[in-house]
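Colleague: Structure file my_file.txt, compact mmCIF, C-alpha atoms and all ligand atoms, is pasted below:
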# COMPACT_ATOMS: atom_id res chain seq x y z
CA MET A 1 0.00 0.00 0.00
CA GLN A 2 2.73 2.41 1.09
CA ASN A 3 4.47 1.81 -2.22
CA SER A 4 1.44 2.74 -4.25
CA PHE A 5 1.16 6.04 -2.36
CA LEU A 6 4.82 6.72 -3.07
CA GLN A 7 4.42 5.76 -6.71
CA LYS A 8 1.46 8.09 -7.21
CA LEU A 9 3.35 10.95 -5.59
CA ALA A 10 6.39 10.25 -7.77
CA GLU A 11 4.22 10.26 -10.90
CA ARG A 12 2.82 13.64 -9.96
CA HIS A 13 6.28 14.98 -9.27
CA GLN A 14 7.56 13.76 -12.60
CA LYS A 15 4.71 15.51 -14.47
CA SER A 16 5.16 18.78 -12.51
CA LEU A 17 1.81 18.12 -10.86
CA LEU A 18 2.88 17.55 -7.26
CA ARG A 19 1.09 19.75 -4.72
CA GLU A 20 2.90 21.09 -1.67
CA LEU A 21 1.77 23.35 1.13
CA MET A 22 3.31 26.80 0.87
CA LEU A 23 2.88 29.55 3.40
CA PRO A 24 1.71 32.91 2.06
CA GLN A 25 4.65 35.00 0.94
CA GLY A 26 4.70 38.26 -0.99
CA GLU A 27 1.80 40.35 -2.31
CA ASP A 28 -1.45 38.41 -2.28
CA PHE A 29 -2.61 37.90 -5.86
CA CYS A 30 -4.01 34.43 -5.28
CA SER A 31 -6.46 34.42 -2.38
CA ASN A 32 -10.19 35.01 -2.73
CA ASP A 33 -10.09 38.04 -0.44
CA TYR A 34 -11.26 40.27 -3.31
CA LEU A 35 -12.53 43.12 -1.13
CA GLY A 36 -9.78 42.96 1.50
CA PHE A 37 -12.28 41.92 4.20
CA ALA A 38 -10.23 39.06 5.65
CA GLN A 39 -7.56 41.48 6.93
CA ASP A 40 -9.75 44.53 7.50
CA ALA A 41 -9.10 46.16 10.89
CA VAL A 42 -12.61 47.70 11.11
CA LEU A 43 -14.21 44.35 10.37
CA GLN A 44 -11.95 42.59 12.88
CA LYS A 45 -13.20 44.98 15.57
CA ARG A 46 -16.82 44.41 14.60
CA VAL A 47 -16.23 40.66 14.72
CA GLN A 48 -14.75 40.84 18.23
CA GLU A 49 -17.79 42.78 19.44
CA ARG A 50 -20.19 40.37 17.79
CA ILE A 51 -18.65 37.19 19.13
CA LYS A 52 -17.66 38.19 22.64
CA ASP A 53 -20.61 36.51 24.38
CA LEU A 54 -21.07 33.57 22.03
CA PRO A 55 -20.24 29.95 22.84
CA SER A 56 -17.22 28.61 20.95
CA GLY A 57 -18.95 25.54 19.56
CA SER A 58 -22.46 24.41 18.74
CA ALA A 59 -21.77 20.90 20.10
CA GLY A 60 -24.16 19.05 17.83
CA SER A 61 -26.15 18.96 14.63
CA ARG A 62 -28.74 21.71 14.16
CA LEU A 63 -31.37 18.96 14.52
CA LEU A 64 -30.04 18.00 17.94
CA ARG A 65 -28.89 20.66 20.40
CA GLY A 66 -26.73 22.53 17.91
CA HIS A 67 -29.39 25.01 16.79
CA GLN A 68 -28.85 28.54 18.13
CA ASP A 69 -30.52 31.95 18.03
CA ILE A 70 -27.49 33.34 16.20
CA PHE A 71 -28.13 30.95 13.29
CA MET A 72 -31.72 32.16 12.96
CA GLU A 73 -30.55 35.77 13.06
CA LEU A 74 -27.87 35.05 10.45
CA GLU A 75 -30.18 33.11 8.13
CA ALA A 76 -32.78 35.92 8.25
CA GLU A 77 -30.04 38.40 7.35
CA LEU A 78 -28.67 36.19 4.56
CA ALA A 79 -32.14 35.69 3.10
CA ARG A 80 -32.59 39.48 3.04
CA PHE A 81 -29.15 39.98 1.49
CA SER A 82 -29.87 37.32 -1.17
CA GLU A 83 -33.44 38.61 -1.70
CA ARG A 84 -34.88 35.12 -1.25
CA GLU A 85 -37.45 33.73 1.16
CA SER A 86 -34.92 31.63 3.06
CA ALA A 87 -31.30 30.80 3.63
CA LEU A 88 -29.67 27.73 5.15
CA ILE A 89 -26.09 27.86 6.39
CA PHE A 90 -23.38 25.22 6.09
CA SER A 91 -19.85 25.11 7.50
CA THR A 92 -18.30 25.27 4.01
CA GLY A 93 -19.29 25.76 0.38
CA TYR A 94 -18.11 22.25 -0.38
CA GLN A 95 -20.57 20.90 2.17
CA ALA A 96 -23.40 23.11 0.87
CA ASN A 97 -22.85 21.91 -2.70
CA ILE A 98 -22.80 18.22 -1.88
CA GLY A 99 -25.64 18.80 0.59
CA LEU A 100 -27.79 20.49 -2.03
CA LEU A 101 -27.13 18.20 -4.99
CA SER A 102 -27.26 14.91 -3.12
CA ALA A 103 -30.64 15.96 -1.67
CA ILE A 104 -32.43 17.24 -4.76
CA LEU A 105 -31.07 14.75 -7.34
CA ASP A 106 -31.46 11.00 -7.46
CA ARG A 107 -31.10 8.13 -9.95
CA ASN A 108 -34.16 9.42 -11.81
CA SER A 109 -32.63 12.84 -12.44
CA ILE A 110 -30.56 14.12 -15.32
CA VAL A 111 -28.09 16.84 -14.49
CA PHE A 112 -26.51 19.10 -17.12
CA SER A 113 -23.20 20.28 -15.76
CA ASP A 114 -20.64 22.72 -17.21
CA GLU A 115 -17.31 20.98 -17.81
CA LEU A 116 -15.50 23.50 -15.59
CA ASN A 117 -17.78 23.13 -12.58
CA HIS A 118 -16.05 23.01 -9.21
CA ALA A 119 -15.07 19.68 -7.64
CA SER A 120 -17.72 20.07 -4.93
CA LEU A 121 -20.46 20.22 -7.60
CA ILE A 122 -19.01 17.20 -9.37
CA ASP A 123 -18.85 15.28 -6.09
CA GLY A 124 -22.41 16.25 -5.19
CA ILE A 125 -23.62 14.90 -8.53
CA ARG A 126 -21.65 11.67 -8.03
CA LEU A 127 -23.11 11.22 -4.57
CA SER A 128 -26.65 11.66 -5.87
CA GLY A 129 -26.38 8.90 -8.50
CA ALA A 130 -28.02 11.22 -11.09
CA HIS A 131 -27.28 10.80 -14.81
CA LYS A 132 -24.69 13.37 -15.77
CA ARG A 133 -24.47 15.25 -19.07
CA ILE A 134 -21.39 17.45 -19.35
CA PHE A 135 -21.62 20.41 -21.70
CA SER A 136 -18.67 22.38 -23.10
CA HIS A 137 -17.67 25.30 -20.96
CA ASN A 138 -20.10 28.21 -21.32
CA SER A 139 -21.36 26.81 -24.64
CA LEU A 140 -25.09 27.37 -25.11
CA ALA A 141 -24.98 25.25 -28.28
CA SER A 142 -23.47 22.32 -26.40
CA LEU A 143 -25.98 22.70 -23.55
CA GLU A 144 -28.92 22.89 -25.95
CA GLU A 145 -27.68 19.83 -27.82
CA GLN A 146 -27.68 17.85 -24.58
CA LEU A 147 -31.12 19.17 -23.60
CA ILE A 148 -32.53 18.22 -27.00
CA ALA A 149 -31.09 14.72 -26.64
CA GLU A 150 -33.12 14.30 -23.43
CA GLU A 151 -36.19 16.22 -24.59
CA THR A 152 -38.55 13.23 -24.48
CA SER A 153 -37.31 12.02 -21.11
CA THR A 154 -39.69 12.63 -18.22
CA ALA A 155 -36.80 12.63 -15.74
CA HIS A 156 -36.29 15.54 -13.37
CA LYS A 157 -33.76 17.83 -15.13
CA LEU A 158 -31.35 20.27 -13.55
CA ILE A 159 -28.73 22.60 -15.01
CA ILE A 160 -25.86 23.45 -12.70
CA VAL A 161 -23.34 26.21 -13.36
CA GLU A 162 -21.10 28.67 -11.56
CA SER A 163 -21.90 32.35 -12.10
CA LEU A 164 -18.21 33.31 -12.00
CA TYR A 165 -15.88 30.40 -12.65
CA SER A 166 -13.45 29.85 -9.83
CA MET A 167 -10.33 29.16 -11.86
CA THR A 168 -10.87 30.83 -15.23
CA GLY A 169 -12.78 33.82 -13.86
CA ASP A 170 -15.22 34.03 -16.77
CA ARG A 171 -18.96 34.47 -16.30
CA ALA A 172 -21.72 32.07 -17.29
CA PRO A 173 -24.31 33.37 -19.80
CA LEU A 174 -26.94 33.13 -17.08
CA LYS A 175 -29.85 34.77 -18.90
CA GLU A 176 -29.52 32.47 -21.89
CA ILE A 177 -29.02 29.38 -19.72
CA ILE A 178 -32.20 30.17 -17.81
CA SER A 179 -34.09 30.65 -21.11
CA LEU A 180 -32.90 27.24 -22.31
CA ALA A 181 -33.90 25.71 -18.99
CA GLN A 182 -37.39 27.14 -19.34
CA ARG A 183 -37.67 25.95 -22.94
CA TYR A 184 -36.65 22.38 -22.10
CA GLY A 185 -38.28 22.01 -18.70
CA ALA A 186 -35.17 22.04 -16.52
CA GLU A 187 -34.44 23.74 -13.23
CA VAL A 188 -31.32 25.85 -12.62
CA VAL A 189 -28.95 25.98 -9.65
CA VAL A 190 -26.12 28.53 -9.63
CA ASP A 191 -22.99 28.44 -7.49
CA GLU A 192 -22.25 32.08 -6.66
CA ALA A 193 -19.18 31.36 -4.48
CA HIS A 194 -16.82 33.84 -6.17
CA ALA A 195 -19.45 36.42 -7.12
CA THR A 196 -20.88 36.83 -3.62
CA GLY A 197 -19.87 40.18 -2.16
CA VAL A 198 -18.28 41.44 -5.37
CA TYR A 199 -21.65 41.77 -7.18
CA GLY A 200 -24.08 42.11 -4.24
CA ALA A 201 -25.16 38.64 -3.18
CA GLY A 202 -24.22 37.35 -6.63
CA LEU A 203 -24.59 37.71 -10.36
CA THR A 204 -28.06 36.15 -10.53
CA GLN A 205 -29.23 38.88 -8.18
CA LYS A 206 -27.38 41.61 -10.07
CA LEU A 207 -29.08 40.47 -13.29
CA ASP A 208 -32.42 40.03 -11.53
CA LEU A 209 -32.49 36.32 -12.36
CA HIS A 210 -32.30 34.94 -8.83
CA HIS A 211 -36.03 34.24 -8.59
CA GLN A 212 -35.79 32.08 -11.68
CA CYS A 213 -33.25 29.77 -10.03
CA LEU A 214 -34.29 26.88 -7.85
CA ALA A 215 -31.45 27.81 -5.52
CA THR A 216 -28.16 29.67 -5.41
CA ILE A 217 -25.14 28.81 -3.26
CA HIS A 218 -23.12 31.61 -1.67
CA SER A 219 -19.84 31.84 0.18
CA GLY A 220 -18.98 33.64 3.38
CA ALA A 221 -15.35 32.57 2.98
CA LYS A 222 -14.29 34.48 -0.11
CA ALA A 223 -15.13 38.17 -0.66
CA LEU A 224 -16.92 38.32 2.71
CA GLY A 225 -13.68 37.32 4.38
CA VAL A 226 -15.00 34.95 7.06
CA ALA A 227 -16.04 31.31 6.52
CA GLY A 228 -19.18 29.28 5.93
CA SER A 229 -21.67 29.17 3.13
CA TRP A 230 -25.40 29.37 2.53
CA ILE A 231 -28.05 28.15 0.15
CA ALA A 232 -30.61 30.82 -0.81
CA CYS A 233 -33.97 29.37 -1.83
CA ASP A 234 -37.65 29.34 -0.97
CA ARG A 235 -39.05 28.17 2.37
CA VAL A 236 -40.20 24.77 1.13
CA LEU A 237 -36.78 23.90 -0.24
CA LYS A 238 -35.12 24.94 3.01
CA ASP A 239 -37.48 22.60 4.91
CA PHE A 240 -36.63 19.89 2.40
CA PHE A 241 -32.89 20.30 3.04
CA ILE A 242 -33.43 20.24 6.80
CA ASN A 243 -35.11 16.86 6.30
CA PHE A 244 -33.14 15.30 3.46
CA SER A 245 -29.68 16.89 3.12
CA ARG A 246 -27.38 14.38 4.81
CA PRO A 247 -24.36 16.74 5.07
CA PHE A 248 -26.68 19.16 6.91
CA ILE A 249 -28.27 16.56 9.15
CA TYR A 250 -25.29 14.40 10.06
CA SER A 251 -22.70 17.06 10.77
CA THR A 252 -22.07 19.41 13.66
CA ALA A 253 -23.56 22.87 13.09
CA PRO A 254 -21.06 25.65 12.27
CA SER A 255 -19.45 27.35 15.23
CA PRO A 256 -21.58 30.25 16.54
CA LEU A 257 -18.34 32.28 16.31
CA VAL A 258 -18.44 31.89 12.53
CA ALA A 259 -22.10 32.93 12.48
CA GLY A 260 -21.33 36.03 14.58
CA ALA A 261 -18.36 36.91 12.36
CA LEU A 262 -20.45 36.51 9.21
CA LEU A 263 -23.12 38.83 10.64
CA ALA A 264 -20.39 41.38 11.33
CA SER A 265 -19.11 40.96 7.78
CA LEU A 266 -22.57 41.57 6.33
CA GLU A 267 -22.90 44.78 8.37
CA HIS A 268 -19.49 45.83 7.08
CA TRP A 269 -20.48 44.92 3.52
CA HIS A 270 -23.52 47.19 3.75
CA ASN A 271 -21.15 50.06 4.63
CA VAL A 272 -18.32 49.53 2.19
CA GLY A 273 -18.93 46.40 0.09
CA ARG A 274 -20.64 47.81 -2.95
CA ASP A 275 -18.01 50.54 -3.53
CA ARG A 276 -15.15 48.13 -2.93
CA GLY A 277 -16.68 45.63 -5.35
CA GLU A 278 -16.87 48.27 -8.09
CA LEU A 279 -13.32 49.45 -7.44
CA CYS A 280 -12.02 45.88 -7.54
CA LEU A 281 -13.73 45.27 -10.89
CA ASP A 282 -12.32 48.53 -12.32
CA LYS A 283 -8.81 47.55 -11.29
CA ALA A 284 -9.21 44.05 -12.70
CA ARG A 285 -10.53 45.43 -16.03
CA ASN A 286 -7.58 47.85 -16.40
CA PHE A 287 -5.06 45.19 -15.48
CA ALA A 288 -6.59 42.67 -17.92
CA ASP A 289 -6.61 45.23 -20.75
CA ILE A 290 -2.91 45.96 -20.34
CA LEU A 291 -1.91 42.32 -19.90
CA SER A 292 -3.89 41.15 -22.93
CA GLU A 293 -2.27 43.86 -25.01
CA MET A 294 1.14 42.55 -23.95
CA ILE A 295 0.19 39.02 -24.87
CA GLY A 296 -1.34 40.14 -28.13
CA GLU A 297 1.79 42.07 -29.07
CA GLY A 298 4.21 39.25 -28.68
CA LEU A 299 3.36 35.80 -27.80
CA GLU A 300 0.03 34.46 -28.94
CA GLU A 301 1.99 31.90 -30.91
CA GLY A 302 3.47 30.77 -27.57
CA GLY A 303 0.03 29.48 -26.58
CA LEU A 304 -0.77 32.19 -24.04
CA SER A 305 -4.27 33.48 -23.53
CA LEU A 306 -6.02 35.57 -20.91
CA VAL A 307 -9.59 35.08 -19.73
CA GLY A 308 -11.63 36.52 -16.89
CA ASP A 309 -14.53 39.00 -16.63
CA GLY A 310 -14.24 39.88 -12.97
CA PRO A 311 -11.73 39.82 -10.13
CA ILE A 312 -10.19 36.50 -11.28
CA LEU A 313 -7.96 36.47 -14.36
CA TYR A 314 -6.55 33.29 -15.83
CA LEU A 315 -3.36 33.45 -17.85
CA GLN A 316 -3.34 30.15 -19.64
CA VAL A 317 0.18 28.93 -20.26
CA GLY A 318 -0.58 25.38 -21.39
CA ASP A 319 2.31 23.46 -19.94
CA SER A 320 2.36 22.59 -16.20
CA ALA A 321 6.14 22.88 -15.86
CA LYS A 322 6.11 26.35 -17.41
CA ALA A 323 3.23 27.45 -15.17
CA LEU A 324 5.22 26.26 -12.14
CA THR A 325 8.37 28.04 -13.29
CA TRP A 326 6.51 31.30 -13.86
CA SER A 327 4.79 31.02 -10.52
CA GLY A 328 8.23 30.52 -8.88
CA GLU A 329 9.66 33.53 -10.68
CA LEU A 330 6.73 35.68 -9.57
CA ARG A 331 7.19 34.46 -6.02
CA SER A 332 10.87 35.40 -6.07
CA SER A 333 9.85 38.87 -7.24
CA GLY A 334 7.47 39.22 -4.30
CA PHE A 335 4.14 38.21 -5.88
CA ASP A 336 2.11 35.26 -4.65
CA ILE A 337 0.48 33.86 -7.79
CA ARG A 338 -0.05 30.11 -7.92
CA ALA A 339 0.14 27.68 -10.83
CA ILE A 340 -3.16 25.94 -11.60
CA ARG A 341 -2.61 22.46 -13.00
CA TYR A 342 -4.28 19.17 -13.74
CA PRO A 343 -6.57 17.82 -12.31
CA THR A 344 -7.95 21.25 -11.34
CA VAL A 345 -7.87 22.18 -15.06
CA ALA A 346 -7.38 20.04 -18.18
CA GLU A 347 -3.83 18.75 -18.70
CA ASP A 348 -2.99 21.15 -21.53
CA GLN A 349 -4.61 24.16 -19.87
CA ALA A 350 -2.27 24.86 -16.97
CA GLY A 351 -1.92 28.51 -16.10
CA LEU A 352 -1.66 31.26 -13.53
CA ARG A 353 -4.71 32.38 -11.61
CA ILE A 354 -4.39 36.08 -10.79
CA SER A 355 -6.91 37.50 -8.36
CA ILE A 356 -7.18 41.26 -8.22
CA HIS A 357 -8.19 42.87 -4.94
CA THR A 358 -9.58 46.29 -4.11
CA ASN A 359 -6.59 47.07 -1.93
CA HIS A 360 -3.94 46.41 -4.58
CA SER A 361 -2.29 49.78 -5.10
CA ASP A 362 -1.68 51.18 -8.58
CA SER A 363 2.07 50.96 -8.05
CA THR A 364 1.87 47.28 -7.03
CA LEU A 365 -0.24 46.51 -10.09
CA ASP A 366 2.26 48.37 -12.31
CA ARG A 367 5.18 46.43 -10.83
CA LEU A 368 3.41 43.15 -11.49
CA LEU A 369 2.65 44.19 -15.07
CA GLN A 370 6.35 44.99 -15.59
CA ILE A 371 7.27 41.48 -14.45
CA PHE A 372 4.70 39.95 -16.78
CA LYS A 373 6.07 42.07 -19.60
CA ASN A 374 9.50 40.53 -19.14
CA MET A 375 8.05 37.07 -18.79
CA VAL A 376 5.79 37.04 -21.83
CA ARG A 377 8.44 38.79 -23.96
CA PRO A 378 11.71 37.38 -22.65
CA CYS A 379 13.86 38.79 -25.43
C1 LIG A 401 -17.13 27.55 -7.22
C2 LIG A 401 -16.84 27.04 -5.86
N1 LIG A 401 -17.83 26.45 -5.18
C3 LIG A 401 -17.62 25.97 -3.95
C4 LIG A 401 -16.40 26.08 -3.33
C5 LIG A 401 -16.21 25.52 -1.95
O1 LIG A 401 -16.32 26.55 -1.02
P1 LIG A 401 -15.58 26.43 0.39
O2 LIG A 401 -14.18 26.86 0.19
O3 LIG A 401 -16.37 27.33 1.29
O4 LIG A 401 -15.69 25.00 0.81
C6 LIG A 401 -15.35 26.71 -3.99
C7 LIG A 401 -14.04 26.83 -3.32
O5 LIG A 401 -13.15 27.49 -3.72
C8 LIG A 401 -15.57 27.19 -5.29
O6 LIG A 401 -14.58 27.77 -5.97
Written as structure tokens, that's how I'd like the structure from this file.

Modeller:
Amino acid sequence: MQNSFLQKLAERHQKSLLRELMLPQGEDFCSNDYLGFAQDAVLQKRVQERIKDLPSGSAGSRLLRGHQDIFMELEAELARFSERESALIFSTGYQANIGLLSAILDRNSIVFSDELNHASLIDGIRLSGAHKRIFSHNSLASLEEQLIAEETSTAHKLIIVESLYSMTGDRAPLKEIISLAQRYGAEVVVDEAHATGVYGAGLTQKLDLHHQCLATIHSGAKALGVAGSWIACDRVLKDFFINFSRPFIYSTAPSPLVAGALLASLEHWHNVGRDRGELCLDKARNFADILSEMIGEGLEEGGLSLVGDGPILYLQVGDSAKALTWSGELRSSGFDIRAIRYPTVAEDQAGLRISIHTNHSDSTLDRLLQIFKNMVRPC
């Protein structure tokens, strides 16, 4: 057994795919702290106030003795923020995704899933036993083709997408996906993990499409700078999850400290979040414009491309070894930008995930652009 572990690790190493834990070092261009909330001194103070009288743990599932007033207060606030009837919190987004999909899908369901969906969505589908149809990333033609192929089936149908893709940073064509869903009798669930906080509660809300989704999943751990996650949906669906979502039922409730901190973060968001979100998107747009010009000028033939319509930009390099080398060079120059490799992305689509934050100064962004300039045009 030990040998097979060693062998698998050696294979990864040999293909430049080995993962290792690295402490943060240098300017943060890789975390999901888009609005700078995780390190915000004002928010930290609010959090301390909010949590000072709370118990440290909930000591049981919500269905046993783990339910607390603070969870009801938080869920009411999250429902208001998401503009939905109800919200149900989970300790993590991973848990919410497997909790949602394994509850609403079964062997009689067909799920249409974007090929770049997050691992937690893929695992939730696997757990449910539903029939899976993968459509090409953000391709309405591919999705429609799959829907047409199942048009005569009476199975329960669900389309699942991310609003803002976690690695490539591009946005799903949500309006068109929802129209297709309506035409072919499918429901839609949207994972808003990376959009939450940057675009209000998420992109479905920003586009006024949230009421046309069966549910949306939101993160308290990314732009909101705390932890935890919630599903926004109607009251009946929340009751359904409380009864049928095994990751909700058979797991200890989140710590009340997390709930208190998330309430503090929402208060803070109502003060500064919208402006910071807009500023972050402006900075990301400017940065992407300059970087794509650099790539366009020199090295498209080198297989580079840049995608991303929000705070996450993905510089696709292609080769894992090259992505690792570039990430190392950036690190030595004081920038923390990580290489994204298989199996997180397809084998030939390795790249650098650059996340732009509101608190990146213009001079820091300029310095990083200078380094990219030398990297993409080495001569
Ligand atoms: C799109 C998406 N959904 C869900 C998750 C899981 O969220 P969490 O980190 O809270 O478990 C992530 C994590 O990065 C994600 O990118």

Colleague: Name the closest residue to Gly260 (chain A) among the candidates A:Gln212, A:Gln7, A:Ser56, A:Asn32; distances are taken between atoms, counting only C-alpha atoms.

Modeller: A:Ser56

Colleague: Given only C-alpha atoms, how would the per-residue table for region 131-243 of chain A near region 89-107 of chain A read, listing every residue at most 6 Å away with its closest atom pair and distance in Å to one decimal, sorted by chain and number, as CSV?

Modeller:
residue,atom,partner,partner_atom,distance
A:Gly228,CA,A:Ser91,CA,4.5
A:Ser229,CA,A:Gly93,CA,5.0
A:Trp230,CA,A:Ile89,CA,4.2

Colleague: Would you mind telling me which residue in A:Gln316, A:Gln25, A:Ser58, A:Ser166 lies nearest to Ser120 (chain A) when using all atoms listed in the file?

Modeller: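 Smallest separation from Ser120 (chain A) among the options: A:Ser166.
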
Colleague: Pick out the closest residue to ligand LIG 401 (chain A) from this set: A:His118, A:Arg353, A:His360, A:Arg331. Count all atoms listed in the file.

Modeller: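 Checking each candidate against ligand LIG 401 (chain A), we get A:His118 as the closest.
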
Colleague: I need the residue nearest Ser245 (chain A) from this list: A:Ala195, A:Leu6, A:Val189, A:Leu88. Use all atoms listed in the file for the distance.

Modeller: A:Leu88

Colleague: Just checking: using only C-alpha atoms and all ligand atoms, which residue out of A:His357, A:His194, A:His268, A:Arg171 ends up closest to ligand LIG 401 (chain A)?

Modeller: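 Using only C-alpha atoms and all ligand atoms, ligand LIG 401 (chain A) sits closest to A:His194.
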
Colleague: If I take CA of Pro343 (chain A) and CA of Ile122 (chain A), how far is one from the other in Å, to one decimal?

Modeller: 12.8 Å

Colleague: List as a VMD selection string: which residues have an atom within 7 Å of (3.0, 29.2, -13.4), counting all atoms listed in the file?

Modeller: chain A and resid 322 to 327 338 to 339 351 to 352

Colleague: When you draw a straight line from CA of Arg46 (chain A) to CA of Thr364 (chain A), how long is it in Å?

Modeller: 28.7 Å

Colleague: Interatomic distance between CA of Ile217 (chain A) and CA of Gly200 (chain A)?

Modeller: 13.4 Å

Colleague: Can you work out which one of A:Asp366, A:Glu144, A:Glu20, A:Glu192 has the shortest atom-to-atom distance to ligand LIG 401 (chain A), counting all atoms listed in the file?

Modeller: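 Closest to ligand LIG 401 (chain A) of all the choices is A:Glu192.
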
Colleague: I'd like the neighbourhood of Ala350 (chain A) as a PyMOL selection string, where a residue qualifies if any of its atoms comes within 7 Å (using only C-alpha atoms), though same-chain residues fewer than 5 positions away should be ignored.

Modeller: chain A and resi 316-320+323+340-342+345

Colleague: Just to be explicit: take each residue in the selection above, keep C-alpha atoms, and write the result as a tab-separated table (two decimals), in the frame of the given file.

Modeller:
chain	number	residue	atom	x	y	z
A	316	GLN	CA	-3.34	30.15	-19.64
A	317	VAL	CA	0.18	28.93	-20.26
A	318	GLY	CA	-0.58	25.38	-21.39
A	319	ASP	CA	2.31	23.46	-19.94
A	320	SER	CA	2.36	22.59	-16.20
A	323	ALA	CA	3.23	27.45	-15.17
A	340	ILE	CA	-3.16	25.94	-11.60
A	341	ARG	CA	-2.61	22.46	-13.00
A	342	TYR	CA	-4.28	19.17	-13.74
A	345	VAL	CA	-7.87	22.18	-15.06

Colleague: Which residues, written as an MDAnalysis selection string, have at least one atom at most 7 Å from region 148-163 of chain A, with only C-alpha atoms counted and residues fewer than 2 positions away on the same chain left out?

Modeller: chainID A and resid 108:114 117 144:146 165 171:172 184 186:192 195 203

Colleague: Would you list the residues near (-14.8, 47.7, 8.9) (no more than 10 Å away, in the coordinates of the file, using all atoms listed in the file) as a list in words?

Modeller: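 Protein, DNA and RNA residues close to (-14.8, 47.7, 8.9): Phe37, Gln39, Asp40, Ala41, Val42, Leu43, Gln44, Lys45, Arg46, Val47, Ala264, Ser265, Glu267, His268, Trp269, Asn271, Val272 and Gly273 of chain A.
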
Colleague: Would you compute an axis-aligned box for ligand LIG 401 (chain A), covering every atom listed for it in the file with 4 Å of margin on each side, and report centre and edge lengths in Å to one decimal as JSON?

Modeller:
{"center_x": -15.5, "center_y": 26.4, "center_z": -3.0, "size_x": 12.7, "size_y": 10.8, "size_z": 16.5}
